[in-house]
Structure formats: C-alpha cells, structure tokens
file start32.pdb (PDB, C-alpha atoms and all ligand atoms)
ATOM      1  CA  MET A   1      -0.981   7.370  10.675
ATOM      2  CA  LYS A   2      -4.499   8.432   9.746
ATOM      3  CA  PHE A   3      -3.035  10.670   7.051
ATOM      4  CA  ALA A   4      -1.055   7.708   5.683
ATOM      5  CA  VAL A   5      -4.299   5.675   5.483
ATOM      6  CA  GLU A   6      -6.004   8.586   3.766
ATOM      7  CA  GLY A   7      -3.089   9.055   1.331
ATOM      8  CA  GLY A   8      -3.129   5.413   0.208
ATOM      9  CA  ALA A   9      -6.862   5.394  -0.497
ATOM     10  CA  ARG A  10      -6.713   8.806  -2.134
ATOM     11  CA  ALA A  11      -3.927   7.707  -4.516
ATOM     12  CA  VAL A  12      -6.047   4.784  -5.751
ATOM     13  CA  ARG A  13      -9.106   7.007  -6.204
ATOM     14  CA  HIS A  14      -6.965   9.417  -8.198
ATOM     15  CA  ILE A  15      -5.848   6.575 -10.484
ATOM     16  CA  LEU A  16      -9.448   5.364 -10.870
ATOM     17  CA  GLY A  17     -10.466   8.852 -11.956
ATOM     18  CA  ASP A  18      -7.797   8.984 -14.660
ATOM     19  CA  GLY A  19      -9.414   8.495 -18.074
ATOM     20  CA  ALA A  20      -6.162   7.321 -19.684
ATOM     21  CA  PHE A  21      -5.850   4.599 -17.054
ATOM     22  CA  GLN A  22      -9.434   3.430 -17.591
ATOM     23  CA  ARG A  23      -8.981   3.324 -21.389
ATOM     24  CA  ALA A  24      -5.734   1.393 -21.088
ATOM     25  CA  ARG A  25      -7.441  -0.955 -18.655
ATOM     26  CA  SER A  26     -10.174  -1.876 -21.109
ATOM     27  CA  ASP A  27      -7.486  -2.589 -23.741
ATOM     28  CA  THR A  28      -5.767  -4.835 -21.192
ATOM     29  CA  MET A  29      -8.972  -6.774 -20.652
ATOM     30  CA  ILE A  30      -8.973  -7.632 -24.360
ATOM     31  CA  SER A  31      -5.302  -8.506 -24.709
ATOM     32  CA  GLY A  32      -4.626  -9.636 -21.095
ATOM     33  CA  ALA A  33      -1.170  -8.746 -19.676
ATOM     34  CA  PRO A  34       0.173  -6.257 -17.135
ATOM     35  CA  LEU A  35      -1.148  -5.534 -13.668
ATOM     36  CA  ASP A  36      -3.277  -2.456 -13.144
ATOM     37  CA  LEU A  37      -1.235  -1.462 -10.137
ATOM     38  CA  VAL A  38       1.867  -2.264  -8.090
ATOM     39  CA  ILE A  39       1.985  -0.885  -4.543
ATOM     40  CA  VAL A  40       5.471  -0.671  -3.062
ATOM     41  CA  GLY A  41       5.404  -0.828   0.756
ATOM     42  CA  ALA A  42       3.015  -2.651   3.090
ATOM     43  CA  GLY A  43       2.684  -0.072   5.839
ATOM     44  CA  VAL A  44      -0.690   1.457   6.682
ATOM     45  CA  SER A  45      -0.588   3.586   3.552
ATOM     46  CA  GLY A  46       0.180   0.706   1.162
ATOM     47  CA  LEU A  47      -2.403  -1.528   2.839
ATOM     48  CA  SER A  48      -5.020   1.190   2.617
ATOM     49  CA  ALA A  49      -4.222   1.555  -1.099
ATOM     50  CA  ALA A  50      -4.480  -2.218  -1.505
ATOM     51  CA  ALA A  51      -7.869  -2.380   0.237
ATOM     52  CA  GLU A  52      -9.136   0.365  -2.058
ATOM     53  CA  ALA A  53      -7.709  -1.363  -5.132
ATOM     54  CA  ARG A  54      -9.362  -4.641  -4.101
ATOM     55  CA  LYS A  55     -12.705  -2.861  -3.616
ATOM     56  CA  ALA A  56     -12.404  -1.359  -7.120
ATOM     57  CA  GLY A  57     -11.577  -4.744  -8.679
ATOM     58  CA  LEU A  58      -8.095  -3.753  -9.856
ATOM     59  CA  SER A  59      -5.403  -6.363 -10.496
ATOM     60  CA  PHE A  60      -2.526  -5.483  -8.194
ATOM     61  CA  LYS A  61       0.405  -6.679  -6.105
ATOM     62  CA  VAL A  62       1.819  -5.280  -2.866
ATOM     63  CA  LEU A  63       5.600  -5.537  -2.427
ATOM     64  CA  GLU A  64       7.319  -5.337   0.959
ATOM     65  CA  SER A  65      11.070  -5.435   1.703
ATOM     66  CA  THR A  66      10.923  -6.628   5.288
ATOM     67  CA  GLU A  67       7.537  -7.482   6.784
ATOM     68  CA  PRO A  68       4.069  -5.949   6.529
ATOM     69  CA  LEU A  69       3.577  -3.069   8.978
ATOM     70  CA  SER A  70       7.295  -3.166   9.814
ATOM     71  CA  THR A  71       7.385   0.398  11.155
ATOM     72  CA  ILE A  72       4.691  -0.457  13.706
ATOM     73  CA  VAL A  73       6.246  -3.871  14.466
ATOM     74  CA  ASN A  74       9.369  -1.918  15.481
ATOM     75  CA  PHE A  75       7.524   0.384  17.907
ATOM     76  CA  PRO A  76       8.561  -0.215  21.538
ATOM     77  CA  LYS A  77       6.551  -2.872  23.382
ATOM     78  CA  ALA A  78       3.123  -1.636  24.587
ATOM     79  CA  LYS A  79       3.687   1.791  23.056
ATOM     80  CA  PRO A  80       0.525   3.911  23.413
ATOM     81  CA  ILE A  81      -0.919   4.926  20.028
ATOM     82  CA  PHE A  82      -2.061   8.480  19.452
ATOM     83  CA  ALA A  83      -4.153   8.587  16.288
ATOM     84  CA  TYR A  84      -4.800  12.257  15.639
ATOM     85  CA  PRO A  85      -6.911  14.127  14.706
ATOM     86  CA  LYS A  86      -9.290  12.128  16.919
ATOM     87  CA  ASP A  87     -12.404  13.038  14.936
ATOM     88  CA  MET A  88     -10.799  12.357  11.515
ATOM     89  CA  ILE A  89     -12.210   9.374   9.594
ATOM     90  CA  PRO A  90      -9.721   8.708   6.790
ATOM     91  CA  LEU A  91     -10.827   7.888   3.260
ATOM     92  CA  GLY A  92     -10.957   4.208   2.433
ATOM     93  CA  THR A  93     -11.764   1.203   4.580
ATOM     94  CA  ILE A  94      -8.741   0.791   6.887
ATOM     95  CA  ARG A  95      -9.427   1.966  10.425
ATOM     96  CA  VAL A  96      -7.010   2.833  13.237
ATOM     97  CA  THR A  97      -8.748   2.689  16.611
ATOM     98  CA  ALA A  98      -6.432   0.668  18.880
ATOM     99  CA  GLU A  99      -4.699   2.322  21.806
ATOM    100  CA  ASN A 100      -1.446   0.380  22.010
ATOM    101  CA  LYS A 101       1.048  -1.208  19.607
ATOM    102  CA  GLU A 102      -0.049  -4.840  19.986
ATOM    103  CA  ALA A 103      -3.769  -4.084  19.639
ATOM    104  CA  LEU A 104      -3.004  -1.901  16.624
ATOM    105  CA  LEU A 105      -1.089  -4.711  14.904
ATOM    106  CA  ASP A 106      -3.973  -7.133  15.588
ATOM    107  CA  GLU A 107      -6.469  -4.626  14.237
ATOM    108  CA  LEU A 108      -4.501  -3.901  11.071
ATOM    109  CA  ARG A 109      -3.574  -7.545  10.396
ATOM    110  CA  SER A 110      -7.184  -8.669  10.655
ATOM    111  CA  GLN A 111      -8.295  -5.906   8.296
ATOM    112  CA  THR A 112      -5.566  -6.993   5.849
ATOM    113  CA  ILE A 113      -6.783 -10.596   5.951
ATOM    114  CA  ALA A 114     -10.453  -9.570   5.703
ATOM    115  CA  ALA A 115      -9.661  -7.500   2.610
ATOM    116  CA  GLY A 116      -7.904 -10.509   1.019
ATOM    117  CA  ILE A 117      -4.597  -8.686   0.620
ATOM    118  CA  ASP A 118      -1.497 -10.801  -0.028
ATOM    119  CA  VAL A 119       1.919  -9.240   0.343
ATOM    120  CA  VAL A 120       4.908 -10.307  -1.752
ATOM    121  CA  ARG A 121       8.216 -10.200   0.138
ATOM    122  CA  THR A 122      10.720  -8.448  -2.099
ATOM    123  CA  HIS A 123      12.584  -5.160  -2.300
ATOM    124  CA  ALA A 124      11.713  -2.811  -5.170
ATOM    125  CA  GLU A 125      14.979  -1.432  -6.496
ATOM    126  CA  ARG A 126      13.694   0.926  -9.146
ATOM    127  CA  VAL A 127      10.804   1.780 -11.435
ATOM    128  CA  HIS A 128      11.221   2.747 -15.063
ATOM    129  CA  SER A 129       9.086   3.038 -18.178
ATOM    130  CA  LYS A 130       8.983   0.182 -20.589
ATOM    131  CA  ASN A 131       6.829   0.078 -23.728
ATOM    132  CA  GLY A 132       4.325   2.549 -22.322
ATOM    133  CA  LEU A 133       4.065   0.690 -18.991
ATOM    134  CA  LEU A 134       5.995   0.834 -15.724
ATOM    135  CA  GLU A 135       8.463  -1.886 -14.832
ATOM    136  CA  VAL A 136       9.224  -2.444 -11.151
ATOM    137  CA  VAL A 137      12.653  -4.027 -10.792
ATOM    138  CA  VAL A 138      12.809  -6.276  -7.715
ATOM    139  CA  THR A 139      15.554  -8.138  -5.868
ATOM    140  CA  GLU A 140      13.612 -11.421  -5.427
ATOM    141  CA  GLY A 141      11.369 -12.956  -8.080
ATOM    142  CA  GLU A 142      10.324 -11.595 -11.443
ATOM    143  CA  ASN A 143      10.148  -7.917 -12.284
ATOM    144  CA  LEU A 144       6.585  -6.615 -12.586
ATOM    145  CA  LEU A 145       4.879  -4.657 -15.343
ATOM    146  CA  ALA A 146       2.035  -2.366 -14.355
ATOM    147  CA  ARG A 147      -0.012   0.532 -15.622
ATOM    148  CA  ARG A 148       0.450   2.469 -12.392
ATOM    149  CA  VAL A 149       2.774   2.256  -9.365
ATOM    150  CA  ILE A 150       2.128   3.687  -5.896
ATOM    151  CA  LEU A 151       5.219   4.266  -3.756
ATOM    152  CA  ALA A 152       4.092   3.883  -0.130
ATOM    153  CA  LEU A 153       7.621   3.708   1.275
ATOM    154  CA  GLY A 154       7.206   5.650   4.521
ATOM    155  CA  ARG A 155       9.953   7.884   5.841
ATOM    156  CA  SER A 156      12.665   5.260   5.966
ATOM    157  CA  GLY A 157      11.914   3.753   2.565
ATOM    158  CA  ARG A 158      14.348   3.802  -0.294
ATOM    159  CA  LEU A 159      14.085   3.023  -3.976
TER     160      LEU A 159
HETATM  161  C1  LIG A 201       8.603   5.246  16.973
HETATM  162  C2  LIG A 201       7.391   5.752  16.213
HETATM  163  C3  LIG A 201       6.198   5.987  16.873
HETATM  164  C4  LIG A 201       5.065   6.447  16.174
HETATM  165  N1  LIG A 201       3.890   6.628  16.861
HETATM  166  C5  LIG A 201       2.780   7.033  16.189
HETATM  167  C6  LIG A 201       1.524   7.209  16.872
HETATM  168  O1  LIG A 201       1.387   6.996  18.086
HETATM  169  N2  LIG A 201       0.451   7.634  16.142
HETATM  170  C7  LIG A 201       0.534   7.881  14.786
HETATM  171  O2  LIG A 201      -0.481   8.253  14.173
HETATM  172  N3  LIG A 201       1.718   7.720  14.125
HETATM  173  C8  LIG A 201       2.827   7.292  14.790
HETATM  174  N4  LIG A 201       4.012   7.124  14.119
HETATM  175  C9  LIG A 201       4.046   7.418  12.674
HETATM  176  C10 LIG A 201       3.473   6.215  11.886
HETATM  177  O3  LIG A 201       4.204   5.041  12.206
HETATM  178  C11 LIG A 201       3.599   6.530  10.393
HETATM  179  O4  LIG A 201       2.813   7.688  10.129
HETATM  180  C12 LIG A 201       3.085   5.392   9.531
HETATM  181  O5  LIG A 201       3.747   4.183   9.828
HETATM  182  C13 LIG A 201       3.320   5.770   8.055
HETATM  183  O6  LIG A 201       2.810   4.729   7.287
HETATM  184  P1  LIG A 201       3.387   4.467   5.815
HETATM  185  O7  LIG A 201       2.613   3.309   5.284
HETATM  186  O8  LIG A 201       3.417   5.737   5.070
HETATM  187  O9  LIG A 201       4.923   4.076   6.038
HETATM  188  P2  LIG A 201       5.550   2.843   6.831
HETATM  189  O10 LIG A 201       4.639   2.392   7.930
HETATM  190  O11 LIG A 201       6.943   3.237   7.193
HETATM  191  O12 LIG A 201       5.578   1.679   5.736
HETATM  192  C14 LIG A 201       6.429   1.697   4.617
HETATM  193  C15 LIG A 201       6.771   0.258   4.274
HETATM  194  O13 LIG A 201       7.435   0.273   2.997
HETATM  195  C16 LIG A 201       8.454  -0.705   3.014
HETATM  196  N5  LIG A 201       9.429  -0.321   1.971
HETATM  197  C17 LIG A 201      10.188   0.803   1.940
HETATM  198  N6  LIG A 201      10.948   0.832   0.808
HETATM  199  C18 LIG A 201      10.635  -0.300   0.120
HETATM  200  C19 LIG A 201      11.076  -0.845  -1.140
HETATM  201  N7  LIG A 201      11.979  -0.202  -1.913
HETATM  202  N8  LIG A 201      10.547  -2.033  -1.563
HETATM  203  C20 LIG A 201       9.617  -2.695  -0.792
HETATM  204  N9  LIG A 201       9.164  -2.210   0.400
HETATM  205  C21 LIG A 201       9.666  -1.038   0.852
HETATM  206  C22 LIG A 201       9.025  -0.616   4.438
HETATM  207  O14 LIG A 201       9.699  -1.821   4.786
HETATM  208  C23 LIG A 201       7.740  -0.386   5.252
HETATM  209  O15 LIG A 201       7.173  -1.629   5.723
HETATM  210  C24 LIG A 201       5.151   6.684  14.782
HETATM  211  C25 LIG A 201       6.364   6.436  14.102
HETATM  212  C26 LIG A 201       7.465   5.968  14.782
HETATM  213  C27 LIG A 201       8.750   5.704  14.032
END
call {"tool": "encode", "arguments": {"input": "start32.pdb", "output": "structure tokens", "more": "lines below"}}
Ligand SMILES: Cc1cc2nc3c(=O)[nH]c(=O)nc-3n(C[C@H](O)[C@H](O)[C@H](O)COP(=O)(O)OP(=O)(O)OC[C@H]3O[C@@H](n4cnc5c(N)ncnc54)[C@H](O)[C@@H]3O)c2cc1C
result
Amino acid sequence: MKFAVEGGARAVRHILGDGAFQRARSDTMISGAPLDLVIVGAGVSGLSAAAEARKAGLSFKVLESTEPLSTIVNFPKAKPIFAYPKDMIPLGTIRVTAENKEALLDELRSQTIAAGIDVVRTHAERVHSKNGLLEVVVTEGENLLARRVILALGRSGRL
C-alpha cells in the first residue's frame, strides 16, 4: 500500500518535471480548454496522485468505477493492516498509519476530504490520442480531454 501511495505521487512529480507538459500548460492558460490530468482509479495510488496534483495547482479529475478505496472497502471486517516497510515514509502527503480496515478507511477518507478531492463515479473504457491530447472514453457522462492520464487501476482494474 505504501508503494501505491508513493507511485501515485511520483507519477505526478514526473509529469510536473516534463518540459513539454509545462509548455502545453501555459498555452492552455491562454486558450483555456482541456484538463491537465485525468486520474483513473480512486484507490490509495489514485488518491495520492490527486493530492499531489491539488498541491501543484493542476486541473484534474479522478474517475472511479465502483467506489473510492473499493479494494480496502472489500477487505474482511476488522482485517489487521500491515503497512510495510514500517520505516518507509512514501512520497506525497497521503499517510497510512491505521492498524485495521475500518480505521484505515477513516484515515484515508478524511485525508481525501482535507485535500479537497472529488471523485467522479464512472468507468473509463479506453484512452486514445485526439488532436495532440488524450481522450478518456467513459461509460457515464462526457468523455474527458486531458494533457496527461494516470492509470491507477490496481491489480483488478481493467481498461
Ligand atoms: C485482501 C487484501 C488484503 C490486503 N492487505 C494489505 C495490507 O495489510 N497491507 C498493505 O500494505 N496492502 C494490503 N493489500 C494490498 C493493497 O490493498 C494494495 O496495495 C492497494 O490497494 C493498491 O492500491 P491501488 O490504488 O494501486 O489499487 P486499488 O486500491 O485496487 O484501486 C484501484 C481503483 O481503480 C478502480 N478502477 C479500476 N479500473 C477502473 C476503470 N477502468 N475506470 C475507473 N476506475 C477503475 C477500482 O475500482 C479501484 O477502486 C491487500 C490487498 C487485498 C486484496
């Protein structure tokens, strides 16, 4: 789980360090239009990416097929949480310190709210290029155009 948190934050930092992205972003600010980023999946990785994107002032949306943190929601009741390596502090702002499923959900949900992250309930079907951008085709609502897309689908995700 800590590596998923780290991966989400690291992906956003990688995008922020991409000169082509930053140049395209300043063009966007003049013409207005697509999102900077779409994050597919609202597990710990996607939420960590979203918190990092919010901190950096990116325009973004988080898409989730079922419900935020669904993998953890489906853990057995009162499951103990083992967040290894114990001394690892992942990149980004999301923290995993709770010792059972319910406390972990509380901890992650309050961090999501504190970071001002909204999650859009829809399934991303595919991503393809369109006029130099990326179009995320979704099952509910309008398709989204973005400069970058992070796939934070977890092990059971599909696209
Ligand atoms: C039973 C069980 C017990 C575990 N116990 C521990 C533990 O004690 N300690 C630990 O560190 N780790 C544990 N893990 C592993 C931990 O749950 C994962 O490392 C972590 O959830 C990965 O986070 P993620 O964000 O990458 O993926 P996920 O948490 O799986 O999140 C991915 C999200 O993406 C969504 N999604 C997928 N495809 C799409 C799509 N096309 N469009 C929109 N949304 C989509 C899914 O619905 C899901 O909500 C356990 C896993 C399981 C299954």
call {"tool": "residues_near_ligand", "arguments": {"input": "start32.pdb", "ligand": "ligand LIG 201 (chain A)", "cutoff": "7 Å", "atoms": "all atoms listed in the file", "output": "PyMOL selection string"}}
result
chain A and resi 1-2+4+40-46+63-72+75+80-84+122-125+152-159
call {"tool": "resolve_selection", "arguments": {"input": "start32.pdb", "expression": "the PyMOL selection byres (((chain A and resi 135-148) around 7) and not hetatm)", "output": "MDAnalysis selection string"}}
result
chainID A and resid 34:38 122:130 133:134 149:150
call {"tool": "resolve_selection", "arguments": {"input": "start32.pdb", "expression": "the PyMOL selection byres (((chain A and resi 7) around 9) and not hetatm)", "output": "list in words"}}
result
Lys2, Phe3, Ala4, Val5, Glu6, Gly8, Ala9, Arg10, Ala11, Val12, Ser45, Gly46, Ser48, Ala49, Pro90, Leu91 and Ala152 of chain A
call {"tool": "write_last_selection", "arguments": {"input": "start32.pdb", "atoms": "C-alpha atoms", "output": "PDB file, keeping the file's coordinate frame"}}
result
ATOM      1  CA  LYS A   2      -4.499   8.432   9.746  1.00  0.00           C
ATOM      2  CA  PHE A   3      -3.035  10.670   7.051  1.00  0.00           C
ATOM      3  CA  ALA A   4      -1.055   7.708   5.683  1.00  0.00           C
ATOM      4  CA  VAL A   5      -4.299   5.675   5.483  1.00  0.00           C
ATOM      5  CA  GLU A   6      -6.004   8.586   3.766  1.00  0.00           C
ATOM      6  CA  GLY A   8      -3.129   5.413   0.208  1.00  0.00           C
ATOM      7  CA  ALA A   9      -6.862   5.394  -0.497  1.00  0.00           C
ATOM      8  CA  ARG A  10      -6.713   8.806  -2.134  1.00  0.00           C
ATOM      9  CA  ALA A  11      -3.927   7.707  -4.516  1.00  0.00           C
ATOM     10  CA  VAL A  12      -6.047   4.784  -5.751  1.00  0.00           C
ATOM     11  CA  SER A  45      -0.588   3.586   3.552  1.00  0.00           C
ATOM     12  CA  GLY A  46       0.180   0.706   1.162  1.00  0.00           C
ATOM     13  CA  SER A  48      -5.020   1.190   2.617  1.00  0.00           C
ATOM     14  CA  ALA A  49      -4.222   1.555  -1.099  1.00  0.00           C
ATOM     15  CA  PRO A  90      -9.721   8.708   6.790  1.00  0.00           C
ATOM     16  CA  LEU A  91     -10.827   7.888   3.260  1.00  0.00           C
ATOM     17  CA  ALA A 152       4.092   3.883  -0.130  1.00  0.00           C
TER      18      ALA A 152
END
call {"tool": "closest_residue", "arguments": {"input": "start32.pdb", "among": "A:Leu47, A:Leu16, A:Ala24, A:Leu108", "to": "Gly132 in chain A", "atoms": "all atoms listed in the file"}}
result
A:Ala24
call {"tool": "atom_distance", "arguments": {"input": "start32.pdb", "atom1": "CA of Asn131 in chain A", "atom2": "CA of Glu52 in chain A"}}
result
26.9 Å
call {"tool": "closest_residue", "arguments": {"input": "start32.pdb", "among": "A:Thr97, A:Asn74, A:Met88, A:Ile39", "to": "Ser59 in chain A", "atoms": "only C-alpha atoms"}}
result
A:Ile39
call {"tool": "atom_distance", "arguments": {"input": "start32.pdb", "atom1": "CA of Ile89 in chain A", "atom2": "CA of Val62 in chain A"}}
result
23.8 Å
call {"tool": "atom_distance", "arguments": {"input": "start32.pdb", "atom1": "CA of Asp106 in chain A", "atom2": "CA of Lys61 in chain A"}}
result
22.1 Å
call {"tool": "residues_around", "arguments": {"input": "start32.pdb", "residues": "Glu107 in chain A", "least_positions_apart": "5", "cutoff": "9 Å", "atoms": "all atoms listed in the file", "output": "list in words"}}
result
Arg95, Val96, Thr97, Ala98, Glu102 and Thr112 of chain A
call {"tool": "closest_residue", "arguments": {"input": "start32.pdb", "among": "A:Leu105, A:Ala114, A:Leu151, A:Val120", "to": "Lys55 in chain A", "atoms": "only C-alpha atoms"}}
result
A:Ala114
call {"tool": "decode", "arguments": {"input": "start32.pdb", "residues": "range 98-115 of chain A", "atoms": "N, CA, C and O atoms", "output": "PDB file, in the first residue's frame"}}
result
ATOM      1  N   ALA A  98      -3.028   3.499  10.103  1.00  0.00           N
ATOM      2  CA  ALA A  98      -4.033   2.754  10.868  1.00  0.00           C
ATOM      3  C   ALA A  98      -3.704   1.267  10.916  1.00  0.00           C
ATOM      4  O   ALA A  98      -3.002   0.745  10.048  1.00  0.00           O
ATOM      5  N   GLU A  99      -4.249   0.604  11.935  1.00  0.00           N
ATOM      6  CA  GLU A  99      -3.885  -0.803  12.143  1.00  0.00           C
ATOM      7  C   GLU A  99      -4.997  -1.787  11.838  1.00  0.00           C
ATOM      8  O   GLU A  99      -4.818  -2.991  11.967  1.00  0.00           O
ATOM      9  N   ASN A 100      -6.180  -1.281  11.459  1.00  0.00           N
ATOM     10  CA  ASN A 100      -7.215  -2.206  10.983  1.00  0.00           C
ATOM     11  C   ASN A 100      -8.008  -1.538   9.867  1.00  0.00           C
ATOM     12  O   ASN A 100      -7.887  -0.333   9.643  1.00  0.00           O
ATOM     13  N   LYS A 101      -8.796  -2.355   9.160  1.00  0.00           N
ATOM     14  CA  LYS A 101      -9.514  -1.885   7.963  1.00  0.00           C
ATOM     15  C   LYS A 101     -10.341  -0.624   8.221  1.00  0.00           C
ATOM     16  O   LYS A 101     -10.236   0.362   7.484  1.00  0.00           O
ATOM     17  N   GLU A 102     -11.156  -0.643   9.263  1.00  0.00           N
ATOM     18  CA  GLU A 102     -12.104   0.466   9.483  1.00  0.00           C
ATOM     19  C   GLU A 102     -11.356   1.760   9.795  1.00  0.00           C
ATOM     20  O   GLU A 102     -11.693   2.830   9.271  1.00  0.00           O
ATOM     21  N   ALA A 103     -10.316   1.652  10.635  1.00  0.00           N
ATOM     22  CA  ALA A 103      -9.531   2.852  10.971  1.00  0.00           C
ATOM     23  C   ALA A 103      -8.790   3.360   9.732  1.00  0.00           C
ATOM     24  O   ALA A 103      -8.644   4.573   9.533  1.00  0.00           O
ATOM     25  N   LEU A 104      -8.366   2.434   8.892  1.00  0.00           N
ATOM     26  CA  LEU A 104      -7.660   2.835   7.663  1.00  0.00           C
ATOM     27  C   LEU A 104      -8.606   3.602   6.727  1.00  0.00           C
ATOM     28  O   LEU A 104      -8.239   4.643   6.166  1.00  0.00           O
ATOM     29  N   LEU A 105      -9.827   3.093   6.589  1.00  0.00           N
ATOM     30  CA  LEU A 105     -10.798   3.800   5.728  1.00  0.00           C
ATOM     31  C   LEU A 105     -11.073   5.200   6.278  1.00  0.00           C
ATOM     32  O   LEU A 105     -11.098   6.174   5.522  1.00  0.00           O
ATOM     33  N   ASP A 106     -11.251   5.304   7.597  1.00  0.00           N
ATOM     34  CA  ASP A 106     -11.492   6.630   8.209  1.00  0.00           C
ATOM     35  C   ASP A 106     -10.318   7.562   7.913  1.00  0.00           C
ATOM     36  O   ASP A 106     -10.501   8.713   7.522  1.00  0.00           O
ATOM     37  N   GLU A 107      -9.126   7.022   8.101  1.00  0.00           N
ATOM     38  CA  GLU A 107      -7.914   7.835   7.918  1.00  0.00           C
ATOM     39  C   GLU A 107      -7.792   8.314   6.473  1.00  0.00           C
ATOM     40  O   GLU A 107      -7.523   9.487   6.208  1.00  0.00           O
ATOM     41  N   LEU A 108      -8.038   7.416   5.535  1.00  0.00           N
ATOM     42  CA  LEU A 108      -7.875   7.783   4.120  1.00  0.00           C
ATOM     43  C   LEU A 108      -9.011   8.696   3.650  1.00  0.00           C
ATOM     44  O   LEU A 108      -8.784   9.634   2.882  1.00  0.00           O
ATOM     45  N   ARG A 109     -10.233   8.423   4.123  1.00  0.00           N
ATOM     46  CA  ARG A 109     -11.361   9.292   3.717  1.00  0.00           C
ATOM     47  C   ARG A 109     -11.162  10.696   4.260  1.00  0.00           C
ATOM     48  O   ARG A 109     -11.427  11.672   3.575  1.00  0.00           O
ATOM     49  N   SER A 110     -10.693  10.832   5.508  1.00  0.00           N
ATOM     50  CA  SER A 110     -10.526  12.209   5.988  1.00  0.00           C
ATOM     51  C   SER A 110      -9.396  12.916   5.262  1.00  0.00           C
ATOM     52  O   SER A 110      -9.494  14.124   5.005  1.00  0.00           O
ATOM     53  N   GLN A 111      -8.363  12.199   4.859  1.00  0.00           N
ATOM     54  CA  GLN A 111      -7.298  12.860   4.093  1.00  0.00           C
ATOM     55  C   GLN A 111      -7.815  13.284   2.705  1.00  0.00           C
ATOM     56  O   GLN A 111      -7.422  14.317   2.174  1.00  0.00           O
ATOM     57  N   THR A 112      -8.699  12.464   2.139  1.00  0.00           N
ATOM     58  CA  THR A 112      -9.284  12.796   0.826  1.00  0.00           C
ATOM     59  C   THR A 112     -10.108  14.081   0.927  1.00  0.00           C
ATOM     60  O   THR A 112      -9.995  14.981   0.086  1.00  0.00           O
ATOM     61  N   ILE A 113     -10.919  14.164   1.984  1.00  0.00           N
ATOM     62  CA  ILE A 113     -11.751  15.361   2.170  1.00  0.00           C
ATOM     63  C   ILE A 113     -10.859  16.579   2.442  1.00  0.00           C
ATOM     64  O   ILE A 113     -11.026  17.632   1.832  1.00  0.00           O
ATOM     65  N   ALA A 114      -9.870  16.396   3.322  1.00  0.00           N
ATOM     66  CA  ALA A 114      -8.986  17.527   3.667  1.00  0.00           C
ATOM     67  C   ALA A 114      -8.250  18.049   2.438  1.00  0.00           C
ATOM     68  O   ALA A 114      -7.988  19.247   2.318  1.00  0.00           O
ATOM     69  N   ALA A 115      -7.930  17.160   1.514  1.00  0.00           N
ATOM     70  CA  ALA A 115      -7.215  17.588   0.300  1.00  0.00           C
ATOM     71  C   ALA A 115      -8.175  18.154  -0.754  1.00  0.00           C
ATOM     72  O   ALA A 115      -7.738  18.595  -1.814  1.00  0.00           O
TER      73      ALA A 115
END
